[in-house]
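First up is the structure itself, then whatever we jot down about it.
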Amino acid sequence: MSNANSRTGYLPNDVPNYGQLALLGFQHVLTMFPATVLVAALTGFHVGTVLFASGISTVVALVLSKWRIGKFIPLFYGSSFSYIAAYLGIVTEATGGLPGFGTPVPDEVLATMQAGIVVTGILNMIVGLIIRTIGKDALDKVLPPIVTGSVAAIIGFGLAFAALSMAGANWLVAILTLLITVLLSVYLQNKGFIGMLPILLGGIAGFILSAILDSGSVDFAAVGAADWFALPHITFPSFSGPLVGTAIFSISIMAIATIPESTAHLYQISLYVDRLAEDTGQEKYELDQHIGFNLILDGIGDFINGLLGATAGTNYGENNSLMAITRNYSGPALIAAGVISVLLGFVGKLAALVGTVPLAVTGGLAIYLFGTIGMQGIALMQEHKISMFDPKNLAIGATIMVVGIGGNIGFEGGFLPIPVGTIFPNGLPAIATAAVLGILMNAIFLIFEPPAQPSDE
């Protein structure tokens with residue numbers, strides 16, 4: 001490794017001094033914190049455990065990348081929004097309702113979901129190995145943008161009713177929180193580091209408004225009662241029980257959405273790292289040559305999360321944007337962030353503080369966040385110029401959208417009323433089933449190639 005304190009910016013193998021490591025690491029944690037904690041609080045996972053596991057996954061991935069390819073792949077691993085619908089469906093079916101915000105679900109429910117997260121990790125590792133063997137182009141044929149984009153869309157739009165249900169706790173607070181967050185997102189864009197925290201700032205504004213407009217909605221008694229130091233709540237995956245098949249199927253299949261997301265993030269960070277290398281007269285890192293290995297690291301992270309009792313993760317675009325703004329791509333700085341995240345997992349009052357956020361505030365944020373997930377799926381298809389005048393694309397997208405959105409919103413817990421023995425006793429998970437249908441339909445078109453369509457132009 002080389003020291004680069006005299007240069008403007010840090011390349012992945014550069015080591016800032018100790019004071020800078022601490023500050024740069026804390027900045028990374030502040031960037032990932034809102035989304036990572038929000039997923040845990042929304043879905044009934046223990047906040048401290050998720051922070052603890054997120055830090056470990058990040059450090060392990062960085063150390064392995066330096067050991068295996070001689071250079072850090074500078075990415076931070078936090079909770080993925082792509083799995084929220086699957087978690088909520090399982091929790092609803094197991095407990096009879098949605099989890100309270102910041103209130104952990106019973107250990108046996110967590111253990112069931114962990115089985116799906118462990119399998120997700122294994123699936124990511126397998127896909128990574130396949131890409132290293134046969135290349136990414138072959139995978140793109142099986143998972144084209146019309147499939148991945150449509151699945152990403154139904155993950156977000158399928159959560160619409162859940163967001164509105166939370167907002168219904170106090171519509172005025174929820175709508176004001178939504179408007180403030182949207183305005184901050186738009187008008188703080190490209191305003192430096194503060195422009196990357198609209199969700200956190202919007203949540204704080206909503207919290208204050210709720211305390212003013214809805215008497216009794218904010219209660220700090222639990223924070224006062226909580227200990228400063230608390231061990232992360234560790235649970236282990238269970239591969240038995242009536243919902244384990246459902247959990248494995250509905251959670252692991254969502255890797256369809258995170259695999260292209262992870263690949264896009266690697267391409268993005270590789271581009272910026274190589275530009276900084278050129279500007280400073282150094283050899284390019286060419287991190288985009290390690291797509292398969294990066295997915296293996298994703299899988300290892302999910303495997304760790306599943307073993308400990310944390311949510312499935314992904315590498316964070318928010319932290320990529322932070323690195324692009326600050327030109328700080330230092331792997332050691334990200335290791336420092338991982339260590340800080342691990343330490344935060346031992347702060348008992350932190351989880352209690354998250355639990356004080358009023359449900360209506362969460363609902364206002366969720367309307368924006370869940371809708372954004374859905375719109376990103378559409379953006380993915382636009383970016384790849386997917387023609388909706390092609391009947392093949394139209395058929396795949398239409399099937400995924402209707403089965404995924406209609407099934408998740410229209411049926412209890414998001415389960416299609418099609419029970420399958422003891423594997424899916426409560427019915428097929430709508431979003432996961434929609435994803436599989438899209439993959440199978442695309443496979444048919446690969447085997448029996450339809451006639452070529454005329455160009456849109």
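Each chain of the structure tokens is named A, B, ... in the order shown, its residues numbered from 1; ligands are numbered from 1 in display order.
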
**OP:** Excluding Phe161 in chain A and any residue of its chain fewer than 3 positions from it, enumerate the residues within 10 Å of it, using only C-alpha atoms, and give them as a PyMOL selection string.
**Re:** chain A and resi 157-158+164-167+367+408-410

**OP:** Do a neighbour search on range 416-422 of chain A at 9 Å with only C-alpha atoms, toss out local chain neighbours closer than 4 positions, and write the hits as a VMD selection string.
**Re:** chain A and resid 242 to 243 245 403 407 to 408 410 to 412 426 to 430 433

Keeping C-alpha atoms for every residue in the selection just given, could you write it to a file as a PDB file, in the first residue's frame?
ATOM      1  CA  PRO A 242     -43.942 -24.635   7.935  1.00  0.00           C
ATOM      2  CA  LEU A 243     -42.706 -21.425   6.303  1.00  0.00           C
ATOM      3  CA  GLY A 245     -39.686 -23.337   2.018  1.00  0.00           C
ATOM      4  CA  VAL A 403     -48.741 -11.286 -10.907  1.00  0.00           C
ATOM      5  CA  GLY A 407     -50.703 -10.737  -5.938  1.00  0.00           C
ATOM      6  CA  ASN A 408     -48.730  -8.845  -3.312  1.00  0.00           C
ATOM      7  CA  GLY A 410     -54.545  -8.205  -3.373  1.00  0.00           C
ATOM      8  CA  PHE A 411     -53.961 -11.338  -1.288  1.00  0.00           C
ATOM      9  CA  GLU A 412     -53.243 -11.634   2.413  1.00  0.00           C
ATOM     10  CA  ASN A 426     -49.871 -20.731   2.647  1.00  0.00           C
ATOM     11  CA  GLY A 427     -49.651 -20.256  -1.096  1.00  0.00           C
ATOM     12  CA  LEU A 428     -47.007 -19.070  -3.547  1.00  0.00           C
ATOM     13  CA  PRO A 429     -45.266 -15.743  -2.741  1.00  0.00           C
ATOM     14  CA  ALA A 430     -46.551 -13.386  -5.429  1.00  0.00           C
ATOM     15  CA  THR A 433     -43.555 -16.322  -8.370  1.00  0.00           C
TER      16      THR A 433
END

**OP:** Extract, using only C-alpha atoms, all DNA, RNA and protein residues at most 10 Å from Ser252 in chain A, discarding same-chain residues fewer than 4 positions from it, and format them as a PyMOL selection string.
**Re:** chain A and resi 83+86+115-124+246-248+256+312+432

Write a file of the selected residues as a compact mmCIF listing (two decimals), in the first residue's frame, keeping N, CA and C atoms.
# COMPACT_ATOMS: atom_id res chain seq x y z
N TYR A 83 -35.48 -6.89 -0.60
CA TYR A 83 -36.04 -8.05 0.11
C TYR A 83 -37.17 -7.68 1.06
N ALA A 86 -40.55 -9.52 0.68
CA ALA A 86 -40.48 -10.92 1.09
C ALA A 86 -40.50 -11.04 2.61
N ALA A 115 -32.91 -18.45 7.02
CA ALA A 115 -32.67 -19.57 6.10
C ALA A 115 -32.67 -19.07 4.66
N GLY A 116 -33.62 -18.19 4.33
CA GLY A 116 -33.68 -17.63 2.98
C GLY A 116 -32.49 -16.75 2.67
N ILE A 117 -31.99 -16.01 3.68
CA ILE A 117 -30.86 -15.11 3.47
C ILE A 117 -29.58 -15.92 3.25
N VAL A 118 -29.41 -17.00 4.00
CA VAL A 118 -28.24 -17.87 3.80
C VAL A 118 -28.24 -18.44 2.38
N VAL A 119 -29.40 -18.89 1.93
CA VAL A 119 -29.49 -19.44 0.56
C VAL A 119 -29.23 -18.34 -0.47
N THR A 120 -29.67 -17.11 -0.18
CA THR A 120 -29.38 -15.99 -1.06
C THR A 120 -27.88 -15.81 -1.23
N GLY A 121 -27.15 -15.92 -0.12
CA GLY A 121 -25.70 -15.81 -0.18
C GLY A 121 -25.09 -16.90 -1.05
N ILE A 122 -25.57 -18.12 -0.87
CA ILE A 122 -25.05 -19.23 -1.68
C ILE A 122 -25.36 -19.01 -3.16
N LEU A 123 -26.57 -18.52 -3.45
CA LEU A 123 -26.97 -18.27 -4.84
C LEU A 123 -26.08 -17.20 -5.47
N ASN A 124 -25.79 -16.14 -4.74
CA ASN A 124 -24.90 -15.10 -5.26
C ASN A 124 -23.51 -15.65 -5.55
N THR A 246 -41.14 -21.43 1.93
CA THR A 246 -41.60 -20.13 1.44
C THR A 246 -40.50 -19.08 1.61
N ALA A 247 -39.85 -19.08 2.77
CA ALA A 247 -38.81 -18.09 3.04
C ALA A 247 -37.64 -18.24 2.07
N ILE A 248 -37.20 -19.47 1.86
CA ILE A 248 -36.06 -19.70 0.96
C ILE A 248 -36.40 -19.26 -0.46
N ILE A 256 -32.31 -11.75 -8.03
CA ILE A 256 -32.48 -11.32 -9.42
C ILE A 256 -32.36 -9.81 -9.52
N ALA A 312 -30.50 -9.33 4.43
CA ALA A 312 -29.66 -9.51 3.24
C ALA A 312 -29.17 -8.14 2.78
N ALA A 432 -42.05 -13.38 -5.80
CA ALA A 432 -41.09 -14.41 -6.20
C ALA A 432 -41.64 -15.24 -7.35

Original post:
Neighbours of range 223-232 of chain A within 7 Å (only C-alpha atoms; same-chain residues fewer than 5 positions away dropped), as JSON, numbers by chain?
Top reply: {"A": [48, 49, 345, 346, 347, 348, 349, 352, 353]}

Original post:
Rounded to one decimal in Å, what is the spacing between CA of Leu287 in chain A and CA of Val142 in chain A?
Top reply: 24.0 Å

Original post:
Nearest to Ala379 in chain A: which of A:Pro145, A:Pro99, A:Gly89, A:Gly44 is it, counting only C-alpha atoms?
Top reply: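 Between A:Pro145, A:Pro99, A:Gly89, A:Gly44, the residue approaching Ala379 in chain A most closely is A:Pro145.
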
Using DSSP on the backbone coordinates, identify the residues of range 139-245 of chain A assigned to alpha helix (DSSP H); present them as a short mmCIF file (atom, residue, chain, number, x, y, z; two decimals) with C-alpha atoms, in the first residue's frame.
data_model
loop_
_atom_site.label_atom_id
_atom_site.label_comp_id
_atom_site.auth_asym_id
_atom_site.auth_seq_id
_atom_site.Cartn_x
_atom_site.Cartn_y
_atom_site.Cartn_z
CA LEU A 139 -26.03 -14.57 -17.64
CA ASP A 140 -27.56 -11.50 -19.31
CA LYS A 141 -29.40 -13.79 -21.71
CA VAL A 142 -31.05 -15.63 -18.81
CA PRO A 145 -33.16 -6.16 -18.34
CA ILE A 146 -36.85 -6.78 -19.10
CA VAL A 147 -36.81 -9.42 -16.33
CA THR A 148 -34.56 -7.68 -13.81
CA GLY A 149 -36.14 -4.27 -14.38
CA SER A 150 -39.70 -5.59 -14.07
CA VAL A 151 -38.83 -7.50 -10.89
CA ALA A 152 -37.24 -4.38 -9.37
CA ALA A 153 -40.40 -2.46 -10.24
CA ILE A 154 -42.80 -4.90 -8.59
CA ILE A 155 -40.66 -5.02 -5.44
CA GLY A 156 -41.31 -1.30 -4.96
CA PHE A 157 -44.87 -0.98 -6.23
CA ALA A 160 -47.51 0.48 -1.92
CA PHE A 161 -50.27 -0.69 0.41
CA ALA A 162 -47.81 -1.30 3.25
CA ALA A 163 -46.52 2.28 2.92
CA LEU A 164 -50.03 3.74 2.90
CA SER A 165 -51.04 1.60 5.88
CA MET A 166 -48.22 3.13 7.93
CA ALA A 167 -49.03 6.62 6.69
CA TRP A 171 -52.05 11.36 7.28
CA LEU A 172 -51.04 14.97 7.91
CA VAL A 173 -47.70 14.01 9.48
CA ALA A 174 -47.05 11.42 6.76
CA ILE A 175 -47.78 13.81 3.88
CA LEU A 176 -45.69 16.61 5.41
CA THR A 177 -42.81 14.16 5.97
CA LEU A 178 -43.11 13.00 2.36
CA LEU A 179 -43.15 16.55 0.95
CA ILE A 180 -40.19 17.71 3.04
CA THR A 181 -38.15 14.64 2.09
CA VAL A 182 -38.93 15.04 -1.61
CA LEU A 183 -38.04 18.76 -1.55
CA LEU A 184 -34.76 18.01 0.23
CA SER A 185 -33.96 15.28 -2.31
CA VAL A 186 -34.50 17.64 -5.22
CA TYR A 187 -33.05 20.90 -3.94
CA PRO A 198 -32.40 13.73 2.45
CA ILE A 199 -33.99 10.64 4.01
CA LEU A 200 -32.29 11.22 7.35
CA LEU A 201 -33.09 14.95 7.33
CA GLY A 202 -36.66 14.33 6.20
CA GLY A 203 -37.13 11.77 8.94
CA ILE A 204 -35.83 14.20 11.57
CA ALA A 205 -38.20 16.92 10.29
CA GLY A 206 -41.12 14.47 10.35
CA PHE A 207 -40.18 13.41 13.88
CA ILE A 208 -40.31 17.02 15.09
CA LEU A 209 -43.60 17.68 13.28
CA SER A 210 -45.15 14.54 14.75
CA ALA A 211 -44.14 15.61 18.26
CA ILE A 212 -45.86 18.97 17.65
CA LEU A 213 -48.96 17.89 15.72
CA ALA A 221 -39.19 6.23 27.91
CA ALA A 222 -37.71 3.20 26.15
CA VAL A 223 -34.53 5.13 25.36
CA GLY A 224 -34.07 6.06 28.99
CA ALA A 225 -34.61 2.47 30.09
CA VAL A 244 -39.07 -22.31 5.64
CA GLY A 245 -39.69 -23.34 2.02
#

Subject >> Members of range 249-457 of chain A assigned strand (DSSP E or B) by DSSP, as a PyMOL selection string >> reply: chain A and resi 313-315+328+347+415-416+420+424+428-429

For range 5-119 of chain A versus range 274-277 of chain A, which residues have an atom no more than 12 Å away, and what is each residue's nearest atom pair and distance in Å rounded to one decimal, using only C-alpha atoms, chain-then-number order, as a Markdown table?
| residue | atom | partner | partner_atom | distance |
| --- | --- | --- | --- | --- |
| A:Arg7 | CA | A:Leu276 | CA | 10.4 |
| A:Thr8 | CA | A:Leu276 | CA | 9.2 |
| A:Gly9 | CA | A:Leu276 | CA | 7.6 |
| A:Tyr10 | CA | A:Leu276 | CA | 8.2 |
| A:Leu11 | CA | A:Ala277 | CA | 7.1 |
| A:Pro12 | CA | A:Ala277 | CA | 10.0 |
| A:Asn13 | CA | A:Ala277 | CA | 11.3 |
| A:Asp14 | CA | A:Ala277 | CA | 11.4 |

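Comparing A:Ala366, A:Lys392, A:Ala169, A:Ile423 by their smallest distance to Pro451 in chain A, the closest is A:Lys392 (using only C-alpha atoms).
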
Original post:
How many Å separate CA of Ala40 in chain A from CA of Val361 in chain A?
Top reply: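 One can read the CA of Ala40 in chain A to CA of Val361 in chain A distance as 15.7 Å.
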
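Nearest-residue note for Ala85 in chain A: choosing from A:Ser341, A:Thr263, A:Ile251, A:Asp279, the minimum distance belongs to A:Ile251, counting only C-alpha atoms.
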
**OP:** Compile the contact shell of range 131-138 of chain A as an MDAnalysis selection string: residues with an atom at most 10 Å away, counting only C-alpha atoms, same-chain residues fewer than 3 positions apart removed.
**Re:** chainID A and resid 125:128 141:144 263 289:293 295:296

Take the residues that were just selected and, keeping N, CA and C atoms, output them as a CSV table (one decimal), in the first residue's frame.
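Output saved as part-v6.csv:
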chain,number,residue,atom,x,y,z
A,125,MET,N,-23.0,-16.5,-4.7
A,125,MET,CA,-21.7,-17.1,-4.9
A,125,MET,C,-21.7,-18.0,-6.1
A,126,ILE,N,-22.7,-18.7,-6.3
A,126,ILE,CA,-22.8,-19.6,-7.5
A,126,ILE,C,-22.9,-18.8,-8.8
A,127,VAL,N,-23.7,-17.7,-8.8
A,127,VAL,CA,-23.7,-16.8,-10.0
A,127,VAL,C,-22.4,-16.2,-10.2
A,128,GLY,N,-21.7,-15.8,-9.2
A,128,GLY,CA,-20.4,-15.2,-9.3
A,128,GLY,C,-19.4,-16.2,-10.0
A,141,LYS,N,-28.4,-13.2,-20.9
A,141,LYS,CA,-29.4,-13.8,-21.7
A,141,LYS,C,-30.5,-14.4,-20.9
A,142,VAL,N,-30.1,-15.0,-19.7
A,142,VAL,CA,-31.1,-15.6,-18.8
A,142,VAL,C,-31.8,-14.6,-18.0
A,143,LEU,N,-31.1,-13.5,-17.6
A,143,LEU,CA,-31.7,-12.5,-16.8
A,143,LEU,C,-31.5,-11.1,-17.6
A,144,PRO,N,-32.3,-10.9,-18.6
A,144,PRO,CA,-32.2,-9.7,-19.4
A,144,PRO,C,-32.8,-8.5,-18.6
A,263,THR,N,-23.6,-5.3,-9.9
A,263,THR,CA,-22.8,-5.1,-11.1
A,263,THR,C,-22.7,-3.7,-11.5
A,289,GLN,N,-13.1,-5.6,-14.1
A,289,GLN,CA,-12.8,-7.0,-14.6
A,289,GLN,C,-13.1,-8.1,-13.6
A,290,HIS,N,-13.6,-7.7,-12.4
A,290,HIS,CA,-13.8,-8.6,-11.3
A,290,HIS,C,-15.3,-8.7,-11.0
A,291,ILE,N,-16.2,-8.7,-12.0
A,291,ILE,CA,-17.6,-8.8,-11.7
A,291,ILE,C,-18.0,-10.1,-11.0
A,292,GLY,N,-17.5,-11.2,-11.5
A,292,GLY,CA,-17.8,-12.5,-10.8
A,292,GLY,C,-17.3,-12.5,-9.4
A,293,PHE,N,-16.1,-12.1,-9.1
A,293,PHE,CA,-15.6,-12.1,-7.8
A,293,PHE,C,-16.3,-11.2,-6.9
A,295,LEU,N,-19.5,-10.5,-7.0
A,295,LEU,CA,-20.8,-11.2,-6.7
A,295,LEU,C,-20.5,-12.3,-5.6
A,296,ILE,N,-19.3,-12.9,-5.7
A,296,ILE,CA,-19.0,-13.9,-4.7
A,296,ILE,C,-18.8,-13.2,-3.3

Would you write out, as CSV, a table of all residues in range 66-140 of chain A that have an atom no more than 12 Å from an atom of range 320-330 of chain A, listing for each the closest atom pair and the distance in Å to one decimal, considering only C-alpha atoms and ordering rows by chain and rising residue number?
residue,atom,partner,partner_atom,distance
A:Lys66,CA,A:Ser330,CA,11.9
A:Lys71,CA,A:Ser330,CA,10.3
A:Phe72,CA,A:Ser330,CA,8.0
A:Ile73,CA,A:Tyr329,CA,8.9
A:Pro74,CA,A:Tyr329,CA,6.1
A:Leu75,CA,A:Asn320,CA,7.1
A:Phe76,CA,A:Asn320,CA,8.3
A:Tyr77,CA,A:Asn320,CA,11.0

Would you put the residues from that selection into a file with N, CA and C atoms, as an mmCIF file, in the first residue's frame?
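Below is the file that was written, out02.cif:
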data_model
loop_
_atom_site.group_PDB
_atom_site.id
_atom_site.type_symbol
_atom_site.label_atom_id
_atom_site.label_comp_id
_atom_site.auth_asym_id
_atom_site.auth_seq_id
_atom_site.Cartn_x
_atom_site.Cartn_y
_atom_site.Cartn_z
ATOM 1 N N LYS A 66 -8.519 -7.621 -1.211
ATOM 2 C CA LYS A 66 -7.092 -7.274 -1.184
ATOM 3 C C LYS A 66 -6.226 -8.540 -1.217
ATOM 4 N N LYS A 71 -5.865 -5.773 -4.594
ATOM 5 C CA LYS A 71 -6.369 -4.405 -4.474
ATOM 6 C C LYS A 71 -7.765 -4.441 -3.861
ATOM 7 N N PHE A 72 -8.065 -3.409 -3.110
ATOM 8 C CA PHE A 72 -9.379 -3.333 -2.472
ATOM 9 C C PHE A 72 -10.446 -3.017 -3.516
ATOM 10 N N ILE A 73 -11.602 -3.668 -3.386
ATOM 11 C CA ILE A 73 -12.791 -3.253 -4.132
ATOM 12 C C ILE A 73 -13.587 -2.379 -3.171
ATOM 13 N N PRO A 74 -13.565 -1.056 -3.339
ATOM 14 C CA PRO A 74 -14.096 -0.145 -2.322
ATOM 15 C C PRO A 74 -15.619 -0.014 -2.345
ATOM 16 N N LEU A 75 -16.274 -0.914 -1.649
ATOM 17 C CA LEU A 75 -17.733 -0.904 -1.561
ATOM 18 C C LEU A 75 -18.158 -1.128 -0.115
ATOM 19 N N PHE A 76 -19.277 -0.496 0.273
ATOM 20 C CA PHE A 76 -19.821 -0.715 1.616
ATOM 21 C C PHE A 76 -21.095 -1.543 1.493
ATOM 22 N N TYR A 77 -21.261 -2.513 2.393
ATOM 23 C CA TYR A 77 -22.401 -3.426 2.327
ATOM 24 C C TYR A 77 -23.427 -3.078 3.403
#

Original post:
Pick the closest to Ser238 in chain A from A:Met375, A:Ala41, A:Phe101, A:Glu108: which is it, counting only C-alpha atoms?
Top reply: A:Glu108

**OP:** Identify, on the basis of only C-alpha atoms, every residue whose closest approach to Ala435 in chain A does not exceed 7 Å; exclude the query and any residue fewer than 4 positions from it along the same chain; express the result as a ChimeraX atom specification.
**Re:** /A:151,400,431,439

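Coordinates place CA of Gly355 in chain A at a distance of 24.2 Å from CA of Leu307 in chain A.
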